[in-house]
There are 2 protein chains.
Amino acid sequence: MKHFVISFFLLLFLSPLVYAQGNYTIVIHGGAGNVDRQRVPEAREAEFYAKLNEALDAGEAILKAGGSSLDAVEAAVRIMEDSPKFNAGRGAVFTYEGGNELDASIMCGSKITAGAIAGVTNIRNPITTARMVMEQTPHVLLTGKGAEQFAREQGVEIVDPSYFFDQYRYDQLQESLRQMQEQGYMETGDMMGTVGAVALDVHGNLAAATSTGGMTAKRYNRVGDSPIIGAGTYANNASCAVSATGHGEFFIKYAVAFDISARMLYKGSSLDEAANGIINGTLNDLNVSGGLVAVDKDGNVSMPFNTSGMFRGYTKSSGERVVKIFAD
Amino acid sequence: MKHFVISFFLLLFLSPLVYAQGNYTIVIHGGAGNVDRQRVPEAREAEFYAKLNEALDAGEAILKAGGSSLDAVEAAVRIMEDSPKFNAGRGAVFTYEGGNELDASIMCGSKITAGAIAGVTNIRNPITTARMVMEQTPHVLLTGKGAEQFAREQGVEIVDPSYFFDQYRYDQLQESLRQMQEQGYMETGDMMGTVGAVALDVHGNLAAATSTGGMTAKRYNRVGDSPIIGAGTYANNASCAVSATGHGEFFIKYAVAFDISARMLYKGSSLDEAANGIINGTLNDLNVSGGLVAVDKDGNVSMPFNTSGMFRGYTKSSGERVVKIFAD
């Protein structure tokens with residue numbers, strides 16, 4: 001009986017710890033933009049839901065087995081990189097010159113380590129090379145030909161640049177170039193399509209990953225926020241993990257991903273107050289389009305965006321799963 | 001008499017405004033590192049003081065005439081870029097392959113606009129091209145060949161890469177390569193030498209600028225914190241302007257420049273509490289070397305570093321001027 005009582009009280013004390021230990025969450029996005037429900041046929045909508053679910057499944061399988069948040073976000077992002085549906089990897093938008101230049105970054109919230117690559121043209125899965133920069137080098141950001149050389153030396157899959165050719169994206173470029181010639185400026189695309197994932201694993205570790213093809217018709221080896229730690233990607237076990245999508249230049253100038261962590265740590269904001277405050281406050285007031293996905297150290301999720309839609313979803317150890325495209 | 005009384009009270013009310021309107025401050029650095037007093041001959045020390053004073057003079061002349069903080073920081077940085085004494089422009093360190101790759105960024109605290117270039121090999125004054133990115137394009141960061149093409153189109157001074165050859169820096173590279181071959185790793189250089197400037201002008205506008213050749217023997221088109229807004233450079237009229245120098249990878253992962261602004265805005269920290277808290281707190285605890293210069297919207301100056309020295313100085317409209325190398 002005495003043993004029973006001791007065991008009972010031990011369980012009573014330990015159960016919150018055991019429970020916390022078991023919690024995981026993964027949140028993904030496939031870009032924010034002006035998604036018009038009228039113009040997305042149901043079949044195409046279903047394909048997007050299927051791909052988002054596939055990415056969530058890949059990340060969740062790792063988390064459920066006790067794997068790391070880093071492995072989970074990398075796996076989820078790779079699936080979206082391999083799909084021509086999103087502006088990352090296989091579906092990257094075209095540059096002004098008709099090529100593709102890919103950017104990606106990843107961050108580990110427990111060690112505060114990070115890796116990123118920018119402006120690569122022949123790496124099938126930029127997110128995996130970004131992770132190698134984090135784990136195999138003393139550096140954070142490698143660019144262009146140098147990043148490609150590093151990737152080759154690491155033995156990652158190199159593809160012919162034609163791998164990234166996609167007729168739909170190429171037509172987008174032609175339309176953008178036509179607009180520039182006729183109106184002198186380009187309308188921002190219907191869909192931005194950057195992809196990203198953030199996760200909390202059962203060990204309490206946060207991670208974030210982002211991958212993109214950037215902006216249609218970009219020139220001069222322009223780099224946006226996706227490979228910039230603190231702008232498009234940030235993770236810190238003390239606060240949150242964030243992956244952003246939107247008008248990258250503003251996400252850099254406002255250090256959006258880091259700012260969410262700073263508001264939580266310094267002002268005591270909740271994840272959602274911080275994330276919403278920036279996307280639907282600061283950036284919205286500036287007429288800057290975008291969104292982000294974030295998870296905090298307690299597994300709370302925030303997915304704000306100020307466009308008409310954002311491909312997004314999350315799944316939790318509780319079994320809860322949400323996958324959405326439009327605002328409602 | 002009545003007019004006199006009214007005038008007297010008007011003056012009494014307006015004088016703080018007039019006074020505030022007239023205040024300016026400029027702060028510069030030429031890098032933080034392990035500067036051993038025994039090993040710096042007095043003649044060389046004097047040369048450094050002269051060059052730092054020349055950079056301060058150039059910035060101050062602009063501020064005194066009512067010019068903008070942006071013009072002032074650009075002018076001060078150009079002088080240090082043109083000197084082989086600092087690791088920026090003319091005195092850039094060598095890459096692993098024996099070349100030079102320059103990075104720079106600039107930010108305007110009133111408009112929250114910014115421009116940066118990374119990995120350029122033939123632009124005499126990277127800071128000026130960074131400013132053109134800010135003012136002439138919708139972008140923040142251009143890299144490599146694309147940034148060079150943009151610079152050519154803007155008509156900035158292009159030099160043959162041999163312009164950046166400096167025997168002292170080249171010998172540093174050979175020493176680093178020898179260390180890597182013999183010990184498998186490189187000791188970090190005695191002197192980091194990145195340059196930067198921050199200023200408050202009489203109109204109350206803040207600006208920050210940073211320029212560097214990066215790390216000796218860097219490979220794979222590595223990019224450090226200097227061209228990353230929020231890491232090496234940040235300015236916001238609501239808080240402060242910051243230019244950093246040190247082990248760039250950590251300045252990126254800790255978003256050092258933006259974090260100072262965040263601590264001021266969200267925690268109510270003073271400039272010095274925020275800047276010291278990061279350099280002599282967070283980074284020092286991680287054994288990360290570096291320093292920074294910062295000025296806040298009231299003209300307060302902070303110049304923390306955790307190395308044995310930092311080339312640094314400031315001058316104010318009050319006439320106060322400080323130029324120092326060592327810690328004391």
# chains A, B, ... in the order shown; residues from 1 in each chain; ligands from 1

call {"tool": "interface_residues", "arguments": {"of": "chain B", "to": "chain A", "cutoff": "9 Å", "atoms": "only C-alpha atoms", "output": "ChimeraX atom specification"}}
result
/B:107,112-114,119,138-150,219-224,228-231,234,248-250,252-255,258-259,262-263,266-267

call {"tool": "select_by_dssp", "arguments": {"residues": "segment 106-268 of chain A", "states": "strand (DSSP E)", "output": "NGL selection string"}}
result
:A and (106-108 or 113-120 or 141-143 or 195-200 or 206-212 or 222-223 or 233-235 or 240-246)

call {"tool": "closest_residue", "arguments": {"among": "B:Ala208, B:Ile26, B:Ala43, B:Ala257", "to": "Lys64 of chain B", "atoms": "only C-alpha atoms"}}
result
B:Ile26

call {"tool": "closest_residue", "arguments": {"among": "A:Ile278, A:Ala92, A:Ala197, A:Leu271", "to": "Ser162 of chain A", "atoms": "only C-alpha atoms"}}
result
A:Ala92

call {"tool": "atom_distance", "arguments": {"atom1": "atom CA of Lys85 of chain B", "atom2": "atom CA of Gly214 of chain B"}}
result
14.3 Å

call {"tool": "select_by_dssp", "arguments": {"residues": "segment 152-252 of chain B", "states": "alpha helix (DSSP H)", "output": "tab-separated table (two decimals) with N, CA, C and O atoms, in the first residue's frame"}}
result
chain	number	residue	atom	x	y	z
B	152	ARG	N	28.18	48.38	-62.68
B	152	ARG	CA	28.65	48.90	-63.98
B	152	ARG	C	27.57	49.74	-64.63
B	152	ARG	O	27.83	50.84	-65.13
B	153	GLU	N	26.33	49.25	-64.61
B	153	GLU	CA	25.23	49.99	-65.23
B	153	GLU	C	25.00	51.33	-64.53
B	153	GLU	O	24.52	52.28	-65.14
B	154	GLN	N	25.31	51.38	-63.24
B	154	GLN	CA	25.14	52.63	-62.49
B	154	GLN	C	26.31	53.58	-62.68
B	154	GLN	O	26.29	54.70	-62.19
B	167	GLN	N	50.37	43.31	-50.08
B	167	GLN	CA	51.34	42.28	-49.69
B	167	GLN	C	51.08	41.76	-48.27
B	167	GLN	O	51.13	40.56	-48.01
B	168	TYR	N	50.76	42.70	-47.35
B	168	TYR	CA	50.53	42.31	-45.96
B	168	TYR	C	49.37	41.33	-45.85
B	168	TYR	O	49.45	40.30	-45.17
B	169	ARG	N	48.27	41.65	-46.55
B	169	ARG	CA	47.09	40.78	-46.53
B	169	ARG	C	47.39	39.44	-47.19
B	169	ARG	O	46.92	38.39	-46.76
B	170	TYR	N	48.21	39.49	-48.27
B	170	TYR	CA	48.54	38.26	-48.99
B	170	TYR	C	49.37	37.34	-48.10
B	170	TYR	O	49.16	36.12	-48.07
B	171	ASP	N	50.29	37.95	-47.34
B	171	ASP	CA	51.10	37.16	-46.40
B	171	ASP	C	50.21	36.54	-45.32
B	171	ASP	O	50.43	35.40	-44.90
B	172	GLN	N	49.19	37.30	-44.89
B	172	GLN	CA	48.22	36.77	-43.92
B	172	GLN	C	47.56	35.51	-44.47
B	172	GLN	O	47.38	34.52	-43.76
B	173	LEU	N	47.18	35.54	-45.75
B	173	LEU	CA	46.54	34.39	-46.36
B	173	LEU	C	47.48	33.19	-46.33
B	173	LEU	O	47.08	32.08	-45.95
B	174	GLN	N	48.76	33.42	-46.75
B	174	GLN	CA	49.71	32.31	-46.78
B	174	GLN	C	49.86	31.69	-45.39
B	174	GLN	O	49.92	30.47	-45.24
B	175	GLU	N	49.88	32.54	-44.38
B	175	GLU	CA	50.01	32.07	-43.00
B	175	GLU	C	48.77	31.24	-42.62
B	175	GLU	O	48.89	30.17	-42.00
B	176	SER	N	47.59	31.72	-43.01
B	176	SER	CA	46.36	30.99	-42.70
B	176	SER	C	46.33	29.63	-43.40
B	176	SER	O	45.94	28.62	-42.81
B	177	LEU	N	46.77	29.62	-44.67
B	177	LEU	CA	46.76	28.36	-45.42
B	177	LEU	C	47.75	27.37	-44.79
B	177	LEU	O	47.47	26.17	-44.70
B	178	ARG	N	48.89	27.89	-44.34
B	178	ARG	CA	49.90	27.04	-43.69
B	178	ARG	C	49.31	26.42	-42.41
B	178	ARG	O	49.43	25.22	-42.17
B	179	GLN	N	48.63	27.27	-41.62
B	179	GLN	CA	48.00	26.78	-40.39
B	179	GLN	C	46.98	25.68	-40.68
B	179	GLN	O	46.93	24.67	-39.98
B	180	MET	N	46.19	25.90	-41.74
B	180	MET	CA	45.16	24.91	-42.07
B	180	MET	C	45.80	23.60	-42.46
B	180	MET	O	45.31	22.52	-42.10
B	181	GLN	N	46.91	23.67	-43.23
B	181	GLN	CA	47.58	22.45	-43.66
B	181	GLN	C	48.23	21.74	-42.47
B	181	GLN	O	48.13	20.53	-42.34
B	182	GLU	N	48.86	22.52	-41.59
B	182	GLU	CA	49.63	21.92	-40.51
B	182	GLU	C	48.77	21.50	-39.33
B	182	GLU	O	49.01	20.47	-38.71
B	183	GLN	N	47.77	22.34	-38.98
B	183	GLN	CA	46.99	22.04	-37.77
B	183	GLN	C	45.56	21.62	-38.09
B	183	GLN	O	44.81	21.24	-37.21
B	248	GLY	N	31.50	36.99	-37.84
B	248	GLY	CA	30.25	37.27	-38.53
B	248	GLY	C	29.16	36.23	-38.39
B	248	GLY	O	27.97	36.58	-38.29
B	249	GLU	N	29.52	34.96	-38.42
B	249	GLU	CA	28.51	33.90	-38.36
B	249	GLU	C	27.64	34.05	-37.11
B	249	GLU	O	26.43	33.84	-37.16
B	250	PHE	N	28.26	34.41	-36.00
B	250	PHE	CA	27.49	34.54	-34.75
B	250	PHE	C	26.66	35.82	-34.75
B	250	PHE	O	25.58	35.87	-34.18
B	251	PHE	N	27.18	36.85	-35.40
B	251	PHE	CA	26.41	38.08	-35.49
B	251	PHE	C	25.15	37.88	-36.34
B	251	PHE	O	24.14	38.54	-36.12
B	252	ILE	N	25.22	36.93	-37.28
B	252	ILE	CA	24.02	36.58	-38.05
B	252	ILE	C	23.05	35.79	-37.17
B	252	ILE	O	21.87	36.13	-37.06

call {"tool": "closest_residue", "arguments": {"among": "B:Ile158, B:Ala65, B:Leu56, B:Cys108", "to": "Glu320 of chain B", "atoms": "only C-alpha atoms"}}
result
B:Leu56

call {"tool": "atom_distance", "arguments": {"atom1": "atom CA of Leu102 of chain A", "atom2": "atom CA of Gly213 of chain A"}}
result
4.6 Å

call {"tool": "residues_around", "arguments": {"residues": "segment 283-288 of chain B", "least_positions_apart": "3", "cutoff": "8 Å", "atoms": "only C-alpha atoms", "output": "number ranges by chain"}}
result
B: 246-247, 250, 278-280, 306

call {"tool": "closest_residue", "arguments": {"among": "A:Asn122, A:Thr282, A:Asn205, A:Thr95", "to": "Gly66 of chain A", "atoms": "only C-alpha atoms"}}
result
A:Asn205

call {"tool": "atom_distance", "arguments": {"atom1": "atom CA of Arg44 of chain B", "atom2": "atom CA of Ser105 of chain B"}}
result
28.4 Å

call {"tool": "closest_residue", "arguments": {"among": "A:Ser308, A:Asn300, A:Thr245, A:Gln38", "to": "Ala199 of chain A", "atoms": "only C-alpha atoms"}}
result
A:Asn300

call {"tool": "decode", "arguments": {"residues": "segment 218-234 of chain B", "atoms": "N, CA, C and O atoms", "output": "PDB file, in the first residue's frame"}}
result
ATOM      1  N   LYS B 218      38.543  32.702 -46.675  1.00  0.00           N
ATOM      2  CA  LYS B 218      37.156  32.243 -46.795  1.00  0.00           C
ATOM      3  C   LYS B 218      36.976  31.493 -48.118  1.00  0.00           C
ATOM      4  O   LYS B 218      37.665  31.771 -49.090  1.00  0.00           O
ATOM      5  N   ARG B 219      36.042  30.534 -48.132  1.00  0.00           N
ATOM      6  CA  ARG B 219      35.809  29.707 -49.317  1.00  0.00           C
ATOM      7  C   ARG B 219      34.341  29.670 -49.669  1.00  0.00           C
ATOM      8  O   ARG B 219      33.504  30.085 -48.895  1.00  0.00           O
ATOM      9  N   TYR B 220      34.054  29.106 -50.815  1.00  0.00           N
ATOM     10  CA  TYR B 220      32.683  28.793 -51.231  1.00  0.00           C
ATOM     11  C   TYR B 220      31.788  30.027 -51.249  1.00  0.00           C
ATOM     12  O   TYR B 220      30.606  29.939 -50.946  1.00  0.00           O
ATOM     13  N   ASN B 221      32.375  31.183 -51.579  1.00  0.00           N
ATOM     14  CA  ASN B 221      31.593  32.427 -51.590  1.00  0.00           C
ATOM     15  C   ASN B 221      30.833  32.611 -50.277  1.00  0.00           C
ATOM     16  O   ASN B 221      29.647  32.937 -50.268  1.00  0.00           O
ATOM     17  N   ARG B 222      31.562  32.416 -49.197  1.00  0.00           N
ATOM     18  CA  ARG B 222      30.999  32.635 -47.853  1.00  0.00           C
ATOM     19  C   ARG B 222      30.641  34.103 -47.690  1.00  0.00           C
ATOM     20  O   ARG B 222      31.382  34.998 -48.103  1.00  0.00           O
ATOM     21  N   VAL B 223      29.498  34.364 -47.084  1.00  0.00           N
ATOM     22  CA  VAL B 223      29.081  35.723 -46.779  1.00  0.00           C
ATOM     23  C   VAL B 223      28.902  35.835 -45.266  1.00  0.00           C
ATOM     24  O   VAL B 223      28.300  34.963 -44.642  1.00  0.00           O
ATOM     25  N   GLY B 224      29.455  36.889 -44.692  1.00  0.00           N
ATOM     26  CA  GLY B 224      29.346  37.104 -43.245  1.00  0.00           C
ATOM     27  C   GLY B 224      28.225  38.056 -42.893  1.00  0.00           C
ATOM     28  O   GLY B 224      27.247  38.196 -43.640  1.00  0.00           O
ATOM     29  N   ASP B 225      28.353  38.733 -41.764  1.00  0.00           N
ATOM     30  CA  ASP B 225      27.251  39.557 -41.267  1.00  0.00           C
ATOM     31  C   ASP B 225      27.206  40.961 -41.861  1.00  0.00           C
ATOM     32  O   ASP B 225      26.159  41.608 -41.811  1.00  0.00           O
ATOM     33  N   SER B 226      28.320  41.439 -42.419  1.00  0.00           N
ATOM     34  CA  SER B 226      28.374  42.845 -42.841  1.00  0.00           C
ATOM     35  C   SER B 226      27.286  43.235 -43.843  1.00  0.00           C
ATOM     36  O   SER B 226      26.714  44.324 -43.720  1.00  0.00           O
ATOM     37  N   PRO B 227      26.984  42.396 -44.852  1.00  0.00           N
ATOM     38  CA  PRO B 227      25.933  42.805 -45.792  1.00  0.00           C
ATOM     39  C   PRO B 227      24.542  42.357 -45.366  1.00  0.00           C
ATOM     40  O   PRO B 227      23.590  42.499 -46.140  1.00  0.00           O
ATOM     41  N   ILE B 228      24.422  41.795 -44.168  1.00  0.00           N
ATOM     42  CA  ILE B 228      23.121  41.294 -43.727  1.00  0.00           C
ATOM     43  C   ILE B 228      22.464  42.320 -42.799  1.00  0.00           C
ATOM     44  O   ILE B 228      22.922  42.569 -41.678  1.00  0.00           O
ATOM     45  N   ILE B 229      21.370  42.897 -43.299  1.00  0.00           N
ATOM     46  CA  ILE B 229      20.608  43.867 -42.512  1.00  0.00           C
ATOM     47  C   ILE B 229      20.051  43.149 -41.277  1.00  0.00           C
ATOM     48  O   ILE B 229      19.480  42.067 -41.398  1.00  0.00           O
ATOM     49  N   GLY B 230      20.243  43.742 -40.110  1.00  0.00           N
ATOM     50  CA  GLY B 230      19.800  43.103 -38.867  1.00  0.00           C
ATOM     51  C   GLY B 230      20.928  42.363 -38.176  1.00  0.00           C
ATOM     52  O   GLY B 230      20.881  42.163 -36.966  1.00  0.00           O
ATOM     53  N   ALA B 231      21.950  41.962 -38.931  1.00  0.00           N
ATOM     54  CA  ALA B 231      23.096  41.258 -38.338  1.00  0.00           C
ATOM     55  C   ALA B 231      24.244  42.247 -38.120  1.00  0.00           C
ATOM     56  O   ALA B 231      24.559  42.604 -36.985  1.00  0.00           O
ATOM     57  N   GLY B 232      24.868  42.720 -39.226  1.00  0.00           N
ATOM     58  CA  GLY B 232      26.000  43.630 -39.117  1.00  0.00           C
ATOM     59  C   GLY B 232      25.617  45.093 -39.170  1.00  0.00           C
ATOM     60  O   GLY B 232      26.402  45.959 -38.784  1.00  0.00           O
ATOM     61  N   THR B 233      24.438  45.387 -39.662  1.00  0.00           N
ATOM     62  CA  THR B 233      24.007  46.769 -39.900  1.00  0.00           C
ATOM     63  C   THR B 233      22.523  46.909 -39.590  1.00  0.00           C
ATOM     64  O   THR B 233      21.739  46.060 -39.992  1.00  0.00           O
ATOM     65  N   TYR B 234      22.153  47.978 -38.889  1.00  0.00           N
ATOM     66  CA  TYR B 234      20.730  48.259 -38.685  1.00  0.00           C
ATOM     67  C   TYR B 234      20.545  49.721 -38.286  1.00  0.00           C
ATOM     68  O   TYR B 234      21.393  50.292 -37.602  1.00  0.00           O
TER      69      TYR B 234
END
